[in-house]
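Data first, discussion second: the structure below is written as structure tokens.
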Amino acid sequence: MRTGNPCHRRRTLGAAAVATLLGGALGSAAVPGTASATVQPVATPIPLTSVPVDGATGIRTEVPVSVTAQSGEQLASVTLAAPDGATVPGSLNPEGTVWTADDHLRTHTRYTLTAIGVASNGTQVTRTSSFTTFSPSTDNQLKFQTTEPQNGDLVGVGMPILVQFTHAVSDRAAVEKALVVQTDPPQPGHWSWLSDARLDWRPENYWQPGTKVRVSLKLDGVPAGAGQYGGGDTTFAFNVGRKQFSLVDLSKHEMTVYDNDKPVRTLPVTGGKPGNDTWGGTMAVIDKSSSVHMTSRSVGFGDAYDIPDVRWAIHLTYSGTYIHAAPWSVGSQGYANVSHGCVGLSTDRAAWLFQNTLPGDLVQVVNSPKTVSPGNGYGDWMENWNQWLSGSAVKA
């Protein structure tokens with residue numbers, strides 16, 4: 001069930017890590033930089049002092065960093081960098097006197113702040129200071145439990161980008177802002193929360209075939225609310241293949257497979273019998289396996305069946321819906337719905353479909369009394385664009 005998005009408010013500047021440039025010299029003010037310390041504004045600039053103090057440790061990742069030049073001076077450049085060369089982006093005010101970091105810091109990282117200032121007489125001075133951010137405890141780290149697709153995957157045009165976190169997220173806006181999707185060619189899309197720990201990104205319409213996608217999840221150090229901080233970053237890339245769409249009509253007991261909107265094959269099938277109906281709606285293939293051990297107990301059907309080697313299984317829902325070979329129901333395929341909810345085909349037809357299926361291929365089931373929910377697998381396409389956007393904590 002969708003839940004409301006908590007309000008996110010940016011911290012005000014001033015209660016900051018401040019390096020003050022006076023008369024061409026970089027200044028700083030002495031406030032202890034511990035993990036539990038509250039950073040206070042500097043009322044009167046003190047020459048050659050900084051907040052945090054040079055060499056300070058345990059600095060929280062949300063502490064805003066800024067550099068200020070005093071009256072008559074300007075900043076030529078400011079760099080806030082980690083040891084691996086990654087820099088924190090920042091903005092300079094129109095007067096050229098205040099630089100402010102635009103992003104949070106990473107955890108357990110030693111940062112070097114380098115400022116070049118120009119005094120009113122033209123003198124240029126460079127000063128540096130450094131500090132180290134804190135390491136949150138394991139209990140306070142928000143990490144990725146699952147991300148999909150995998151790096152290098154080739155997927156169908158219905159594949160969403162899925163991020164499952166290890167914990168429920170309180171500050172959804174802060175986390176969502178740290179996750180970036182780049183597409184080539186560019187396509188409009190957006191994140192949407194499907195639960196308090198799952199966030200998906202999908203384009204407004206199905207992917208364009210041939211699209212290249214790069215995902216940068218910059219979670220490390222993000223203040224995620226409720227005392228939690230992001231505990232790591234990850235990046236991955238994948239490619240979108242051709243468009244394949246399969247229409248399963250339960251009233252006709254048949255599946256029609258379309259390649260780039262042209263029908264290529266119609267297959268007789270059997271769906272879920274009354275009471276065990278196949279989920280209706282538009283889904284994307286989660287994954288596939290040449291053999292799956294299927295037990296009725298795993299999906300709440302008691303001792304109805306236990307089949308150790310179900311062949312050519314194409315996974316549609318987390319609740320256990322597959323398209324698969326069902327040689328035991330060949331006589332009903334094309335005539336009646338007799339399964340416990342899966343879509344059954346003959347072994348040779350299931351093998352053909354399996355070989356021609358990618359994760360993310362679209363499957364639409366019609367004439368079912370049941371409707372799949374967006375979070376039951378990759379049912380993201382069950383929502384129109386306005387519904388999808390309403391699940392975001394950061395409005396488009």
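Labels for the structure tokens follow display order: chains A, B, ..., residues from 1 in each chain, ligands from 1.
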- request: From a DSSP calculation on the backbone, collect every residue of stretch 293-382 of chain A in alpha helix (DSSP H) and output the set as JSON, numbers by chain.
  value: {"A": [347, 348, 349, 350, 351, 352, 353, 354, 355]}
Output file for the selection above: C-alpha atoms, as a PDB file, in the first residue's frame:
```pdb
ATOM      1  CA  THR A 347       6.701 -28.475 -23.473  1.00  0.00           C
ATOM      2  CA  ASP A 348       7.786 -27.577 -27.013  1.00  0.00           C
ATOM      3  CA  ARG A 349       5.801 -24.308 -27.052  1.00  0.00           C
ATOM      4  CA  ALA A 350       7.094 -23.350 -23.606  1.00  0.00           C
ATOM      5  CA  ALA A 351      10.674 -24.041 -24.759  1.00  0.00           C
ATOM      6  CA  TRP A 352      10.191 -21.771 -27.797  1.00  0.00           C
ATOM      7  CA  LEU A 353       8.789 -18.949 -25.654  1.00  0.00           C
ATOM      8  CA  PHE A 354      11.571 -19.403 -23.085  1.00  0.00           C
ATOM      9  CA  GLN A 355      14.277 -19.103 -25.726  1.00  0.00           C
TER      10      GLN A 355
END
```
- request: Can you pull out every residue within 6 Å of stretch 380-395 of chain A, counting only C-alpha atoms, but drop anything in the same chain fewer than 2 positions away, and send it as a ChimeraX atom specification?
  value: /A:5,172-173,191-193,374,378
With C-alpha atoms kept, could you save the residues just selected as a short mmCIF file (atom, residue, chain, number, x, y, z; two decimals), in the first residue's frame?
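What follows is the written file part05.cif:
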```cif
data_model
loop_
_atom_site.label_atom_id
_atom_site.label_comp_id
_atom_site.auth_asym_id
_atom_site.auth_seq_id
_atom_site.Cartn_x
_atom_site.Cartn_y
_atom_site.Cartn_z
CA ASN A 5 5.83 11.04 1.62
CA ARG A 172 12.38 9.42 1.14
CA ALA A 173 13.12 12.71 -0.60
CA TRP A 191 11.20 7.21 -9.34
CA SER A 192 8.17 6.00 -7.38
CA TRP A 193 7.96 4.31 -3.97
CA PRO A 374 2.35 -2.81 -8.93
CA TYR A 378 7.26 -5.82 -11.99
#
```
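Rounded to one decimal, atom CA of A:Tyr318 and atom CA of A:Ile286 lie 8.7 Å from each other.
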Test item, strand (DSSP E) assignment across stretch 243-328 of chain A, answer as a ChimeraX atom specification: /A:244-249,254-259,262-268,281-284,287-295,306-315,322-325
Write a file of the just-selected residues containing N, CA and C atoms, as a compact mmCIF listing (two decimals), in the first residue's frame.
```txt
# COMPACT_ATOMS: atom_id res chain seq x y z
N GLN A 244 9.03 -6.96 -27.17
CA GLN A 244 8.20 -8.16 -27.27
C GLN A 244 7.06 -8.06 -26.27
N PHE A 245 5.86 -8.38 -26.73
CA PHE A 245 4.66 -8.26 -25.92
C PHE A 245 3.82 -9.52 -26.11
N SER A 246 3.38 -10.13 -25.01
CA SER A 246 2.54 -11.32 -25.09
C SER A 246 1.20 -11.04 -24.44
N LEU A 247 0.14 -11.33 -25.15
CA LEU A 247 -1.22 -11.12 -24.67
C LEU A 247 -1.84 -12.48 -24.34
N VAL A 248 -2.17 -12.68 -23.06
CA VAL A 248 -2.80 -13.92 -22.61
C VAL A 248 -4.28 -13.64 -22.39
N ASP A 249 -5.12 -14.27 -23.18
CA ASP A 249 -6.57 -14.10 -23.06
C ASP A 249 -7.12 -15.35 -22.39
N GLU A 254 -5.68 -18.66 -24.90
CA GLU A 254 -4.59 -18.55 -25.86
C GLU A 254 -3.69 -17.36 -25.55
N MET A 255 -2.47 -17.47 -26.02
CA MET A 255 -1.47 -16.40 -25.88
C MET A 255 -0.98 -16.02 -27.26
N THR A 256 -1.01 -14.72 -27.55
CA THR A 256 -0.48 -14.22 -28.81
C THR A 256 0.79 -13.43 -28.52
N VAL A 257 1.87 -13.79 -29.19
CA VAL A 257 3.18 -13.15 -28.99
C VAL A 257 3.41 -12.16 -30.12
N TYR A 258 3.74 -10.92 -29.75
CA TYR A 258 3.98 -9.84 -30.71
C TYR A 258 5.46 -9.44 -30.67
N ASP A 259 6.04 -9.29 -31.83
CA ASP A 259 7.40 -8.78 -31.97
C ASP A 259 7.31 -7.42 -32.65
N LYS A 262 3.94 -6.70 -34.11
CA LYS A 262 3.43 -7.60 -35.14
C LYS A 262 3.26 -8.99 -34.55
N PRO A 263 2.07 -9.61 -34.69
CA PRO A 263 1.87 -10.95 -34.14
C PRO A 263 2.75 -11.97 -34.86
N VAL A 264 3.44 -12.80 -34.07
CA VAL A 264 4.33 -13.80 -34.67
C VAL A 264 3.87 -15.22 -34.38
N ARG A 265 3.11 -15.41 -33.27
CA ARG A 265 2.67 -16.76 -32.96
C ARG A 265 1.55 -16.72 -31.94
N THR A 266 0.55 -17.61 -32.11
CA THR A 266 -0.52 -17.76 -31.13
C THR A 266 -0.46 -19.17 -30.56
N LEU A 267 -0.44 -19.25 -29.22
CA LEU A 267 -0.22 -20.52 -28.53
C LEU A 267 -1.42 -20.86 -27.66
N PRO A 268 -1.90 -22.11 -27.69
CA PRO A 268 -2.95 -22.52 -26.75
C PRO A 268 -2.39 -22.64 -25.34
N GLY A 281 -3.66 -8.18 -15.69
CA GLY A 281 -2.96 -6.90 -15.75
C GLY A 281 -1.69 -7.01 -16.59
N THR A 282 -0.94 -5.90 -16.65
CA THR A 282 0.29 -5.83 -17.42
C THR A 282 1.48 -6.01 -16.50
N MET A 283 2.28 -7.00 -16.80
CA MET A 283 3.46 -7.33 -16.00
C MET A 283 4.69 -7.38 -16.90
N ALA A 284 5.86 -7.26 -16.28
CA ALA A 284 7.11 -7.49 -17.00
C ALA A 284 7.75 -8.74 -16.42
N ASP A 287 12.31 -12.87 -14.26
CA ASP A 287 13.46 -13.68 -14.63
C ASP A 287 12.93 -14.98 -15.23
N LYS A 288 13.82 -15.89 -15.57
CA LYS A 288 13.40 -17.18 -16.12
C LYS A 288 14.40 -18.25 -15.70
N SER A 289 13.92 -19.49 -15.67
CA SER A 289 14.77 -20.61 -15.29
C SER A 289 14.35 -21.84 -16.08
N SER A 290 15.33 -22.62 -16.52
CA SER A 290 15.01 -23.82 -17.30
C SER A 290 14.35 -24.90 -16.46
N SER A 291 14.50 -24.82 -15.13
CA SER A 291 13.87 -25.79 -14.25
C SER A 291 13.60 -25.15 -12.89
N VAL A 292 12.38 -25.33 -12.39
CA VAL A 292 11.99 -24.79 -11.09
C VAL A 292 11.26 -25.88 -10.30
N HIS A 293 11.60 -25.98 -9.01
CA HIS A 293 10.87 -26.89 -8.11
C HIS A 293 9.67 -26.12 -7.57
N MET A 294 8.48 -26.54 -7.93
CA MET A 294 7.26 -25.86 -7.51
C MET A 294 6.50 -26.69 -6.49
N THR A 295 6.20 -26.06 -5.36
CA THR A 295 5.43 -26.73 -4.32
C THR A 295 4.22 -25.88 -3.96
N ASP A 306 3.53 -31.02 -5.68
CA ASP A 306 4.96 -30.90 -5.43
C ASP A 306 5.67 -31.45 -6.67
N ILE A 307 6.12 -30.53 -7.53
CA ILE A 307 6.71 -30.91 -8.82
C ILE A 307 8.17 -30.45 -8.83
N PRO A 308 9.11 -31.37 -8.76
CA PRO A 308 10.52 -30.98 -8.62
C PRO A 308 11.16 -30.40 -9.87
N ASP A 309 10.59 -30.64 -11.06
CA ASP A 309 11.27 -30.22 -12.29
C ASP A 309 10.27 -29.64 -13.28
N VAL A 310 9.80 -28.41 -12.98
CA VAL A 310 8.92 -27.70 -13.92
C VAL A 310 9.81 -26.98 -14.92
N ARG A 311 9.64 -27.31 -16.20
CA ARG A 311 10.55 -26.83 -17.22
C ARG A 311 10.10 -25.51 -17.84
N TRP A 312 11.10 -24.75 -18.29
CA TRP A 312 10.94 -23.53 -19.08
C TRP A 312 10.02 -22.52 -18.37
N ALA A 313 10.43 -22.18 -17.15
CA ALA A 313 9.59 -21.33 -16.28
C ALA A 313 9.96 -19.85 -16.44
N ILE A 314 8.97 -19.05 -16.80
CA ILE A 314 9.12 -17.60 -16.95
C ILE A 314 8.36 -16.95 -15.81
N HIS A 315 9.07 -16.20 -14.98
CA HIS A 315 8.56 -15.69 -13.70
C HIS A 315 7.83 -14.36 -13.88
N TYR A 322 3.86 -18.08 -12.90
CA TYR A 322 4.83 -18.37 -13.96
C TYR A 322 4.07 -18.71 -15.24
N ILE A 323 4.76 -18.53 -16.37
CA ILE A 323 4.39 -19.20 -17.61
C ILE A 323 5.37 -20.36 -17.74
N HIS A 324 4.87 -21.59 -17.92
CA HIS A 324 5.79 -22.72 -17.91
C HIS A 324 5.21 -23.91 -18.67
N ALA A 325 6.07 -24.88 -18.92
CA ALA A 325 5.64 -26.13 -19.55
C ALA A 325 4.76 -26.90 -18.57
```
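Taking atom CA of A:Gly344 and atom CA of A:Leu162 as endpoints, the distance between them is 27.7 Å.
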